[in-house]
$ cat final_1.pdb   # PDB, C-alpha atoms and all ligand atoms
ATOM      1  CA  MET A 160      -0.791 -17.650  -2.189  1.00  0.00           C
ATOM      2  CA  SER A 161      -1.145 -14.142  -0.751  1.00  0.00           C
ATOM      3  CA  THR A 162      -1.609 -11.074  -2.934  1.00  0.00           C
ATOM      4  CA  ILE A 163       0.868  -8.170  -3.084  1.00  0.00           C
ATOM      5  CA  ARG A 164      -0.992  -4.864  -3.327  1.00  0.00           C
ATOM      6  CA  ILE A 165       0.396  -1.680  -4.881  1.00  0.00           C
ATOM      7  CA  ALA A 166      -1.344   1.697  -5.098  1.00  0.00           C
ATOM      8  CA  VAL A 167      -0.335   4.122  -7.860  1.00  0.00           C
ATOM      9  CA  LEU A 168      -0.757   7.786  -6.930  1.00  0.00           C
ATOM     10  CA  GLY A 169       0.000  11.094  -8.589  1.00  0.00           C
ATOM     11  CA  ASP A 170      -1.475  14.164 -10.235  1.00  0.00           C
ATOM     12  CA  LYS A 171      -3.761  14.072 -13.277  1.00  0.00           C
ATOM     13  CA  ASN A 172      -2.333  13.124 -16.703  1.00  0.00           C
ATOM     14  CA  VAL A 173       1.107  12.154 -15.459  1.00  0.00           C
ATOM     15  CA  GLY A 174       0.814   8.669 -16.955  1.00  0.00           C
ATOM     16  CA  LYS A 175      -0.214   6.512 -13.977  1.00  0.00           C
ATOM     17  CA  SER A 176      -2.290   4.228 -16.209  1.00  0.00           C
ATOM     18  CA  ALA A 177       0.225   4.284 -19.075  1.00  0.00           C
ATOM     19  CA  VAL A 178       3.129   3.232 -16.825  1.00  0.00           C
ATOM     20  CA  THR A 179       1.115   0.501 -15.102  1.00  0.00           C
ATOM     21  CA  VAL A 180      -0.291  -0.920 -18.340  1.00  0.00           C
ATOM     22  CA  ARG A 181       3.216  -0.852 -19.876  1.00  0.00           C
ATOM     23  CA  PHE A 182       4.464  -2.968 -16.932  1.00  0.00           C
ATOM     24  CA  LEU A 183       1.569  -5.429 -17.139  1.00  0.00           C
ATOM     25  CA  THR A 184       1.257  -5.799 -20.924  1.00  0.00           C
ATOM     26  CA  LYS A 185       4.548  -4.402 -22.317  1.00  0.00           C
ATOM     27  CA  ARG A 186       2.398  -2.134 -24.484  1.00  0.00           C
ATOM     28  CA  PHE A 187       1.749   1.586 -24.552  1.00  0.00           C
ATOM     29  CA  ILE A 188      -1.861   2.600 -24.773  1.00  0.00           C
ATOM     30  CA  GLY A 189      -2.334   6.323 -25.341  1.00  0.00           C
ATOM     31  CA  GLU A 190      -5.660   7.136 -23.733  1.00  0.00           C
ATOM     32  CA  TYR A 191      -7.531   5.778 -20.744  1.00  0.00           C
ATOM     33  CA  ASN A 192     -10.861   6.424 -19.159  1.00  0.00           C
ATOM     34  CA  SER A 193      -9.800   7.803 -15.806  1.00  0.00           C
ATOM     35  CA  ASP A 194     -12.757   8.961 -13.775  1.00  0.00           C
ATOM     36  CA  GLN A 195     -12.542   6.135 -11.259  1.00  0.00           C
ATOM     37  CA  ASP A 196     -10.009   3.974  -9.395  1.00  0.00           C
ATOM     38  CA  LEU A 197      -9.213   0.706 -11.179  1.00  0.00           C
ATOM     39  CA  ILE A 198      -7.620  -2.486  -9.889  1.00  0.00           C
ATOM     40  CA  TYR A 199      -5.472  -4.526 -12.281  1.00  0.00           C
ATOM     41  CA  ARG A 200      -4.893  -8.159 -11.224  1.00  0.00           C
ATOM     42  CA  SER A 201      -2.029 -10.260 -12.471  1.00  0.00           C
ATOM     43  CA  ARG A 202       0.465 -12.979 -11.489  1.00  0.00           C
ATOM     44  CA  ILE A 203       4.239 -12.472 -11.598  1.00  0.00           C
ATOM     45  CA  ARG A 204       7.231 -14.763 -11.211  1.00  0.00           C
ATOM     46  CA  GLN A 205      10.144 -13.606  -9.048  1.00  0.00           C
ATOM     47  CA  GLU A 206      13.073 -15.811  -8.037  1.00  0.00           C
ATOM     48  CA  ASP A 207      11.206 -19.020  -8.835  1.00  0.00           C
ATOM     49  CA  THR A 208       8.122 -18.072  -6.848  1.00  0.00           C
ATOM     50  CA  GLN A 209       4.842 -16.865  -8.234  1.00  0.00           C
ATOM     51  CA  SER A 210       2.903 -14.037  -6.631  1.00  0.00           C
ATOM     52  CA  ASP A 211      -0.529 -12.660  -7.282  1.00  0.00           C
ATOM     53  CA  ILE A 212      -0.492  -8.884  -7.531  1.00  0.00           C
ATOM     54  CA  GLU A 213      -3.116  -6.175  -7.474  1.00  0.00           C
ATOM     55  CA  ILE A 214      -2.266  -2.692  -8.739  1.00  0.00           C
ATOM     56  CA  LEU A 215      -4.665   0.067  -7.817  1.00  0.00           C
ATOM     57  CA  ASP A 216      -4.600   2.802 -10.458  1.00  0.00           C
ATOM     58  CA  THR A 217      -6.094   5.759  -8.600  1.00  0.00           C
ATOM     59  CA  CYS A 218      -7.703   8.751 -10.217  1.00  0.00           C
ATOM     60  CA  SER A 219      -6.410  11.950  -8.662  1.00  0.00           C
ATOM     61  CA  ARG A 220      -9.394  13.809  -7.326  1.00  0.00           C
ATOM     62  CA  ARG A 221      -7.926  14.503  -3.922  1.00  0.00           C
ATOM     63  CA  GLU A 222      -6.911  18.112  -3.484  1.00  0.00           C
ATOM     64  CA  ASP A 223      -4.739  17.621  -0.414  1.00  0.00           C
ATOM     65  CA  HIS A 224      -2.258  15.215  -2.108  1.00  0.00           C
ATOM     66  CA  SER A 225      -2.485  12.805   0.857  1.00  0.00           C
ATOM     67  CA  PRO A 226      -3.135   9.145   0.283  1.00  0.00           C
ATOM     68  CA  SER A 227      -6.291   8.102   2.109  1.00  0.00           C
ATOM     69  CA  GLU A 228      -6.133   6.015   5.274  1.00  0.00           C
ATOM     70  CA  SER A 229      -7.834   3.182   3.356  1.00  0.00           C
ATOM     71  CA  HIS A 230      -5.085   3.219   0.699  1.00  0.00           C
ATOM     72  CA  VAL A 231      -2.477   2.928   3.439  1.00  0.00           C
ATOM     73  CA  GLN A 232      -4.353   0.044   5.090  1.00  0.00           C
ATOM     74  CA  TRP A 233      -4.797  -1.689   1.741  1.00  0.00           C
ATOM     75  CA  ALA A 234      -1.421  -1.281   0.029  1.00  0.00           C
ATOM     76  CA  ASP A 235       1.883  -3.070   0.662  1.00  0.00           C
ATOM     77  CA  GLY A 236       3.698  -0.483  -1.445  1.00  0.00           C
ATOM     78  CA  PHE A 237       3.204   2.798  -3.309  1.00  0.00           C
ATOM     79  CA  ILE A 238       4.158   4.192  -6.691  1.00  0.00           C
ATOM     80  CA  ILE A 239       4.041   7.954  -7.065  1.00  0.00           C
ATOM     81  CA  VAL A 240       4.226   9.259 -10.612  1.00  0.00           C
ATOM     82  CA  TYR A 241       4.931  12.759 -11.889  1.00  0.00           C
ATOM     83  CA  ASP A 242       5.410  14.216 -15.355  1.00  0.00           C
ATOM     84  CA  LEU A 243       8.968  15.513 -15.709  1.00  0.00           C
ATOM     85  CA  CYS A 244       7.651  18.271 -18.006  1.00  0.00           C
ATOM     86  CA  SER A 245       5.445  19.656 -15.248  1.00  0.00           C
ATOM     87  CA  LYS A 246       6.760  21.217 -12.048  1.00  0.00           C
ATOM     88  CA  ASP A 247       3.261  21.207 -10.545  1.00  0.00           C
ATOM     89  CA  THR A 248       2.971  17.437 -10.837  1.00  0.00           C
ATOM     90  CA  PHE A 249       6.412  17.081  -9.237  1.00  0.00           C
ATOM     91  CA  GLU A 250       5.326  19.280  -6.303  1.00  0.00           C
ATOM     92  CA  TYR A 251       2.171  17.160  -6.012  1.00  0.00           C
ATOM     93  CA  ALA A 252       4.269  13.976  -5.974  1.00  0.00           C
ATOM     94  CA  LYS A 253       6.630  15.439  -3.398  1.00  0.00           C
ATOM     95  CA  ARG A 254       3.759  16.305  -1.072  1.00  0.00           C
ATOM     96  CA  THR A 255       2.328  12.808  -1.489  1.00  0.00           C
ATOM     97  CA  VAL A 256       5.686  11.240  -0.564  1.00  0.00           C
ATOM     98  CA  GLU A 257       5.884  13.554   2.467  1.00  0.00           C
ATOM     99  CA  SER A 258       2.380  12.600   3.625  1.00  0.00           C
ATOM    100  CA  LEU A 259       3.126   8.901   3.245  1.00  0.00           C
ATOM    101  CA  HIS A 260       6.274   9.387   5.281  1.00  0.00           C
ATOM    102  CA  ARG A 261       4.281  11.117   8.049  1.00  0.00           C
ATOM    103  CA  MET A 262       1.529   8.492   8.178  1.00  0.00           C
ATOM    104  CA  LYS A 263       1.656   6.213  11.159  1.00  0.00           C
ATOM    105  CA  SER A 264       2.178   2.673  10.024  1.00  0.00           C
ATOM    106  CA  PRO A 265       3.789  -0.193  11.928  1.00  0.00           C
ATOM    107  CA  PHE A 266       5.453  -1.222   8.655  1.00  0.00           C
ATOM    108  CA  ILE A 267       7.897   0.456   6.319  1.00  0.00           C
ATOM    109  CA  LEU A 268       5.812   1.475   3.321  1.00  0.00           C
ATOM    110  CA  PRO A 269       8.027   0.816   0.273  1.00  0.00           C
ATOM    111  CA  THR A 270       7.691   3.721  -2.120  1.00  0.00           C
ATOM    112  CA  LEU A 271       8.774   4.177  -5.712  1.00  0.00           C
ATOM    113  CA  LEU A 272       8.965   7.658  -7.229  1.00  0.00           C
ATOM    114  CA  ILE A 273       8.653   7.744 -11.009  1.00  0.00           C
ATOM    115  CA  GLY A 274       9.355  10.706 -13.286  1.00  0.00           C
ATOM    116  CA  ASN A 275       7.474   9.808 -16.484  1.00  0.00           C
ATOM    117  CA  LYS A 276       7.601  11.107 -20.110  1.00  0.00           C
ATOM    118  CA  LEU A 277      11.366  10.866 -20.476  1.00  0.00           C
ATOM    119  CA  ASP A 278      10.844  10.876 -24.264  1.00  0.00           C
ATOM    120  CA  LEU A 279       9.910  14.563 -23.840  1.00  0.00           C
ATOM    121  CA  THR A 280      13.165  15.393 -22.062  1.00  0.00           C
ATOM    122  CA  HIS A 281      13.681  18.462 -24.319  1.00  0.00           C
ATOM    123  CA  ARG A 282      10.605  19.923 -22.550  1.00  0.00           C
ATOM    124  CA  ARG A 283      11.608  18.898 -19.047  1.00  0.00           C
ATOM    125  CA  THR A 284      11.103  21.359 -16.204  1.00  0.00           C
ATOM    126  CA  VAL A 285      12.054  18.969 -13.417  1.00  0.00           C
ATOM    127  CA  ASP A 286      15.729  18.144 -13.207  1.00  0.00           C
ATOM    128  CA  VAL A 287      16.734  14.560 -12.522  1.00  0.00           C
ATOM    129  CA  THR A 288      18.608  15.707  -9.386  1.00  0.00           C
ATOM    130  CA  GLU A 289      15.338  17.003  -7.887  1.00  0.00           C
ATOM    131  CA  GLY A 290      13.856  13.514  -8.109  1.00  0.00           C
ATOM    132  CA  HIS A 291      17.007  12.019  -6.579  1.00  0.00           C
ATOM    133  CA  GLU A 292      16.867  14.514  -3.699  1.00  0.00           C
ATOM    134  CA  VAL A 293      13.290  13.547  -2.769  1.00  0.00           C
ATOM    135  CA  ALA A 294      14.186   9.864  -3.036  1.00  0.00           C
ATOM    136  CA  LEU A 295      17.222  10.335  -0.786  1.00  0.00           C
ATOM    137  CA  GLU A 296      15.337  12.409   1.765  1.00  0.00           C
ATOM    138  CA  TYR A 297      12.427   9.974   2.114  1.00  0.00           C
ATOM    139  CA  GLY A 298      14.211   6.694   1.417  1.00  0.00           C
ATOM    140  CA  CYS A 299      12.331   5.726  -1.717  1.00  0.00           C
ATOM    141  CA  GLN A 300      13.419   4.273  -5.030  1.00  0.00           C
ATOM    142  CA  PHE A 301      13.530   6.614  -7.994  1.00  0.00           C
ATOM    143  CA  TYR A 302      13.445   6.132 -11.768  1.00  0.00           C
ATOM    144  CA  GLU A 303      12.858   8.315 -14.792  1.00  0.00           C
ATOM    145  CA  VAL A 304      10.982   6.393 -17.492  1.00  0.00           C
ATOM    146  CA  SER A 305       8.995   6.762 -20.652  1.00  0.00           C
ATOM    147  CA  ALA A 306       5.811   4.709 -20.748  1.00  0.00           C
ATOM    148  CA  ALA A 307       5.520   5.722 -24.400  1.00  0.00           C
ATOM    149  CA  GLU A 308       8.880   4.309 -25.425  1.00  0.00           C
ATOM    150  CA  THR A 309      10.347   1.608 -23.197  1.00  0.00           C
ATOM    151  CA  PHE A 310       9.345  -1.353 -21.074  1.00  0.00           C
ATOM    152  CA  LYS A 311      12.650  -2.376 -19.454  1.00  0.00           C
ATOM    153  CA  PRO A 312      13.213   0.482 -16.961  1.00  0.00           C
ATOM    154  CA  ILE A 313       9.560   0.326 -15.907  1.00  0.00           C
ATOM    155  CA  ASN A 314       9.861  -3.419 -15.400  1.00  0.00           C
ATOM    156  CA  VAL A 315      13.039  -3.002 -13.291  1.00  0.00           C
ATOM    157  CA  ALA A 316      11.358  -0.289 -11.183  1.00  0.00           C
ATOM    158  CA  TYR A 317       8.127  -2.236 -10.581  1.00  0.00           C
ATOM    159  CA  GLN A 318       9.936  -5.530  -9.871  1.00  0.00           C
ATOM    160  CA  GLY A 319      12.111  -3.812  -7.239  1.00  0.00           C
ATOM    161  CA  LEU A 320       9.100  -2.324  -5.519  1.00  0.00           C
ATOM    162  CA  LEU A 321       7.193  -5.611  -5.642  1.00  0.00           C
ATOM    163  CA  ARG A 322      10.108  -7.371  -3.923  1.00  0.00           C
ATOM    164  CA  ASP A 323      10.097  -4.794  -1.085  1.00  0.00           C
ATOM    165  CA  ALA A 324       6.301  -4.860  -0.885  1.00  0.00           C
ATOM    166  CA  LYS A 325       6.394  -8.633  -0.480  1.00  0.00           C
ATOM    167  CA  VAL A 326       8.590  -8.203   2.606  1.00  0.00           C
ATOM    168  CA  THR A 327       6.126  -5.628   4.011  1.00  0.00           C
ATOM    169  CA  GLN A 328       3.280  -7.991   3.365  1.00  0.00           C
ATOM    170  CA  GLN A 329       5.055 -10.820   5.217  1.00  0.00           C
ATOM    171  CA  GLN A 330       5.702  -8.477   8.183  1.00  0.00           C
ATOM    172  CA  ARG A 331       2.062  -7.405   8.106  1.00  0.00           C
ATOM    173  CA  SER A 332       0.757 -10.968   8.230  1.00  0.00           C
ATOM    174  CA  SER A 333       3.218 -12.030  10.941  1.00  0.00           C
ATOM    175  CA  ILE A 334       2.166  -9.021  13.107  1.00  0.00           C
ATOM    176  CA  LEU A 335      -1.489  -9.927  12.521  1.00  0.00           C
ATOM    177  CA  ARG A 336      -0.792 -13.570  13.444  1.00  0.00           C
ATOM    178  CA  ARG A 337       0.991 -12.468  16.646  1.00  0.00           C
ATOM    179  CA  ARG A 338      -1.848 -10.082  17.548  1.00  0.00           C
ATOM    180  CA  ARG A 339      -4.423 -12.808  16.962  1.00  0.00           C
ATOM    181  CA  SER A 340      -2.518 -15.320  19.093  1.00  0.00           C
ATOM    182  CA  SER A 341      -2.005 -12.804  21.951  1.00  0.00           C
ATOM    183  CA  LEU A 342      -5.734 -11.986  21.819  1.00  0.00           C
ATOM    184  CA  MET A 343      -6.468 -15.686  22.117  1.00  0.00           C
ATOM    185  CA  THR A 344      -4.121 -15.973  25.123  1.00  0.00           C
ATOM    186  CA  VAL A 345      -5.855 -13.010  26.833  1.00  0.00           C
ATOM    187  CA  SER A 346      -9.267 -14.458  26.120  1.00  0.00           C
ATOM    188  CA  LYS A 347      -8.146 -17.883  27.467  1.00  0.00           C
ATOM    189  CA  LYS A 348      -6.787 -16.210  30.645  1.00  0.00           C
ATOM    190  CA  LEU A 349     -10.008 -14.231  31.131  1.00  0.00           C
ATOM    191  CA  GLY A 350     -11.961 -17.403  30.501  1.00  0.00           C
ATOM    192  CA  SER A 351     -10.014 -19.283  33.152  1.00  0.00           C
ATOM    193  CA  ILE A 352     -10.409 -16.442  35.741  1.00  0.00           C
ATOM    194  CA  PHE A 353     -14.119 -15.875  35.161  1.00  0.00           C
ATOM    195  CA  GLY A 354     -14.769 -19.550  34.574  1.00  0.00           C
ATOM    196  CA  LYS A 355     -13.194 -20.271  38.015  1.00  0.00           C
ATOM    197  CA  LYS A 356     -15.307 -17.585  39.744  1.00  0.00           C
ATOM    198  CA  GLU A 357     -18.366 -18.988  38.015  1.00  0.00           C
ATOM    199  CA  ASN A 358     -17.472 -22.414  39.437  1.00  0.00           C
ATOM    200  CA  GLU A 359     -16.904 -21.009  42.939  1.00  0.00           C
ATOM    201  CA  ASN A 360     -20.265 -19.207  42.845  1.00  0.00           C
ATOM    202  CA  GLU A 361     -21.836 -22.408  41.628  1.00  0.00           C
ATOM    203  CA  LYS A 362     -20.278 -24.299  44.590  1.00  0.00           C
ATOM    204  CA  LYS A 363     -21.516 -21.628  47.100  1.00  0.00           C
ATOM    205  CA  ARG A 364     -25.008 -21.815  45.635  1.00  0.00           C
ATOM    206  CA  THR A 365     -25.023 -25.591  45.943  1.00  0.00           C
ATOM    207  CA  LEU A 366     -23.765 -25.354  49.566  1.00  0.00           C
ATOM    208  CA  CYS A 367     -26.467 -22.772  50.432  1.00  0.00           C
ATOM    209  CA  ASP A 368     -29.129 -24.939  48.903  1.00  0.00           C
ATOM    210  CA  THR A 369     -28.105 -27.827  51.166  1.00  0.00           C
ATOM    211  CA  LEU A 370     -27.870 -25.769  54.438  1.00  0.00           C
ATOM    212  CA  PRO A 371     -30.824 -25.619  56.816  1.00  0.00           C
ATOM    213  CA  ASP A 372     -32.758 -22.315  57.089  1.00  0.00           C
ATOM    214  CA  PHE A 373     -31.220 -21.299  60.421  1.00  0.00           C
ATOM    215  CA  ALA A 374     -27.722 -21.579  59.054  1.00  0.00           C
ATOM    216  CA  LEU A 375     -28.630 -19.069  56.371  1.00  0.00           C
ATOM    217  CA  SER A 376     -30.010 -16.528  58.836  1.00  0.00           C
ATOM    218  CA  PHE A 377     -26.989 -16.798  61.162  1.00  0.00           C
TER     219      PHE A 377
HETATM  220  N1  LIG B   1       4.878  11.613 -24.464  1.00  0.00           N
HETATM  221  C1  LIG B   1       4.395  10.801 -23.524  1.00  0.00           C
HETATM  222  N2  LIG B   1       3.096  10.831 -23.215  1.00  0.00           N
HETATM  223  C2  LIG B   1       2.651   9.983 -22.250  1.00  0.00           C
HETATM  224  C3  LIG B   1       3.506   9.101 -21.561  1.00  0.00           C
HETATM  225  N3  LIG B   1       2.783   8.425 -20.644  1.00  0.00           N
HETATM  226  C4  LIG B   1       1.528   8.849 -20.778  1.00  0.00           C
HETATM  227  N4  LIG B   1       1.432   9.788 -21.740  1.00  0.00           N
HETATM  228  C5  LIG B   1       0.237  10.535 -22.160  1.00  0.00           C
HETATM  229  O1  LIG B   1      -0.187  11.315 -21.053  1.00  0.00           O
HETATM  230  C6  LIG B   1      -1.608  11.366 -20.995  1.00  0.00           C
HETATM  231  C7  LIG B   1      -2.092  10.871 -19.636  1.00  0.00           C
HETATM  232  O2  LIG B   1      -1.778   9.505 -19.494  1.00  0.00           O
HETATM  233  P1  LIG B   1      -2.569   8.588 -18.451  1.00  0.00           P
HETATM  234  O3  LIG B   1      -1.860   7.289 -18.376  1.00  0.00           O
HETATM  235  O4  LIG B   1      -4.017   8.575 -18.757  1.00  0.00           O
HETATM  236  O5  LIG B   1      -2.318   9.433 -17.131  1.00  0.00           O
HETATM  237  P2  LIG B   1      -3.015   9.258 -15.708  1.00  0.00           P
HETATM  238  O6  LIG B   1      -2.073   9.791 -14.703  1.00  0.00           O
HETATM  239  O7  LIG B   1      -3.464   7.846 -15.528  1.00  0.00           O
HETATM  240  O8  LIG B   1      -4.248  10.234 -15.860  1.00  0.00           O
HETATM  241  P3  LIG B   1      -5.501  10.411 -14.847  1.00  0.00           P
HETATM  242  O9  LIG B   1      -6.048   9.036 -14.614  1.00  0.00           O
HETATM  243  O10 LIG B   1      -6.400  11.327 -15.604  1.00  0.00           O
HETATM  244  O11 LIG B   1      -5.005  11.039 -13.605  1.00  0.00           O
HETATM  245  C8  LIG B   1      -2.113  10.516 -22.156  1.00  0.00           C
HETATM  246  O12 LIG B   1      -2.383  11.357 -23.237  1.00  0.00           O
HETATM  247  C9  LIG B   1      -0.928   9.615 -22.491  1.00  0.00           C
HETATM  248  O13 LIG B   1      -0.910   9.239 -23.843  1.00  0.00           O
HETATM  249  C10 LIG B   1       4.902   9.108 -21.910  1.00  0.00           C
HETATM  250  O14 LIG B   1       5.739   8.387 -21.372  1.00  0.00           O
HETATM  251  N5  LIG B   1       5.283   9.987 -22.889  1.00  0.00           N
END

$ encode --input "final_1.pdb" --output "structure tokens" --more "lines below"
Ligand SMILES: Nc1nc2c(ncn2[C@@H]2O[C@H](COP(=O)(O)OP(=O)(O)OP(=O)(O)O)[C@@H](O)[C@H]2O)c(=O)[nH]1
Amino acid sequence: MSTIRIAVLGDKNVGKSAVTVRFLTKRFIGEYNSDQDLIYRSRIRQEDTQSDIEILDTCSRREDHSPSESHVQWADGFIIVYDLCSKDTFEYAKRTVESLHRMKSPFILPTLLIGNKLDLTHRRTVDVTEGHEVALEYGCQFYEVSAAETFKPINVAYQGLLRDAKVTQQQRSSILRRRRSSLMTVSKKLGSIFGKKENENEKKRTLCDTLPDFALSF
């Protein structure tokens, strides 16, 4: 069984860990140690099939908002979280979505934009339409959720992304399989060309060895 890999990105304190832990355990845990990237491993059931998943909860130390090349190589899908009470974190999320969109990848990188802390809607500074606009422009899914209060919307959002990420992962492995088999064909062809020349040289050498000295000097 192959593993579906999701990377969670976003500015500091937006609730990346809270949202992810809510999805995995149905519980809200208020505080997390967040000075390093963490991988959560789990197994989910979707449409009668089980899948292993890995969710990379990143800590936001990058100033340029761009996901690293290694994240893009590693992940089959991305979740970008912002705090709907903080315009700065929304701008950060927007720039991250833009960078992902610009990155060269042979696959569509499924992306889910999450506006978190919906329970604090009375303090919101990011309108729901702003989230929708980014989602429309870059073709990603979009949800507003509250990790503190509810599991269901987070579950719906994550399950949708995991389904899309599974498709990406299948494309990725079929491209890799095709590349590997075309490499093998090239190496077989090269082998047959050089192998043949080797044989011809071998034949010439054997012929020379059997010829008398005068024939060689002719
Ligand atoms: N009111 C409210 N607070 C939340 C919610 N989600 C997270 N928090 C709080 O926001 C703070 C940051 O949550 P984290 O999950 O640690 O955020 P993070 O993005 O993983 O943080 P870093 O790893 O430091 O970047 C904590 O104090 C959480 O309790 C939410 O839905 N509502």

$ residues_around --input "final_1.pdb" --residues "stretch 233-238 of chain A" --least-positions-apart "5" --cutoff "9 Å" --atoms "only C-alpha atoms" --output "ChimeraX atom specification"
/A:163-169,175,214-215,228,259,266-273,317,320-321,323-328,331

$ residues_near_ligand --input "final_1.pdb" --ligand "ligand LIG 1 (chain B)" --cutoff "9 Å" --atoms "only C-alpha atoms and all ligand atoms" --output "MDAnalysis selection string"
chainID A and resid 168:180 187:196 216:220 240:242 275:279 304:309

$ atom_distance --input "final_1.pdb" --atom1 "atom CA of A:Lys348" --atom2 "atom CA of A:Ile334"
21.0 Å

$ closest_residue --input "final_1.pdb" --among "A:Lys253, A:His230, A:Ser225, A:Ile239" --to "A:Glu292" --atoms "all atoms listed in the file"
A:Lys253

$ closest_residue --input "final_1.pdb" --among "A:Phe182, A:Phe310, A:Phe249, A:Tyr199" --to "A:Val293" --atoms "only C-alpha atoms"
A:Phe249

$ atom_distance --input "final_1.pdb" --atom1 "atom CA of A:Asn314" --atom2 "atom CA of A:Arg282"
24.4 Å

$ atom_distance --input "final_1.pdb" --atom1 "atom CA of A:Thr288" --atom2 "atom CA of A:Lys246"
13.3 Å

$ resolve_selection --input "final_1.pdb" --expression "the PyMOL selection byres (((chain A and resi 243) around 6) and not hetatm)" --output "list in words"
Asp242, Cys244, Ser245, Gly274, Asn275, Arg283 and Val285 of chain A

$ write_last_selection --input "final_1.pdb" --atoms "C-alpha atoms" --output "tab-separated table (two decimals), in the coordinates of the input"
chain	number	residue	atom	x	y	z
A	242	ASP	CA	5.41	14.22	-15.36
A	244	CYS	CA	7.65	18.27	-18.01
A	245	SER	CA	5.44	19.66	-15.25
A	274	GLY	CA	9.36	10.71	-13.29
A	275	ASN	CA	7.47	9.81	-16.48
A	283	ARG	CA	11.61	18.90	-19.05
A	285	VAL	CA	12.05	18.97	-13.42

$ axis_aligned_box --input "final_1.pdb" --around "stretch 263-281 of chain A" --padding-each-side "6 Å" --output "lines of an AutoDock Vina configuration file"
center_x = 7.7
center_y = 8.6
center_z = -6.2
size_x = 24.0
size_y = 31.7
size_z = 48.2

$ residues_around --input "final_1.pdb" --residues "A:Asp211" --least-positions-apart "2" --cutoff "9 Å" --atoms "all atoms listed in the file" --output "PyMOL selection string"
chain A and resi 160-164+200-204+209+213

$ write_last_selection --input "final_1.pdb" --atoms "C-alpha atoms" --output "PDB file, keeping the file's coordinate frame"
ATOM      1  CA  MET A 160      -0.791 -17.650  -2.189  1.00  0.00           C
ATOM      2  CA  SER A 161      -1.145 -14.142  -0.751  1.00  0.00           C
ATOM      3  CA  THR A 162      -1.609 -11.074  -2.934  1.00  0.00           C
ATOM      4  CA  ILE A 163       0.868  -8.170  -3.084  1.00  0.00           C
ATOM      5  CA  ARG A 164      -0.992  -4.864  -3.327  1.00  0.00           C
ATOM      6  CA  ARG A 200      -4.893  -8.159 -11.224  1.00  0.00           C
ATOM      7  CA  SER A 201      -2.029 -10.260 -12.471  1.00  0.00           C
ATOM      8  CA  ARG A 202       0.465 -12.979 -11.489  1.00  0.00           C
ATOM      9  CA  ILE A 203       4.239 -12.472 -11.598  1.00  0.00           C
ATOM     10  CA  ARG A 204       7.231 -14.763 -11.211  1.00  0.00           C
ATOM     11  CA  GLN A 209       4.842 -16.865  -8.234  1.00  0.00           C
ATOM     12  CA  GLU A 213      -3.116  -6.175  -7.474  1.00  0.00           C
TER      13      GLU A 213
END
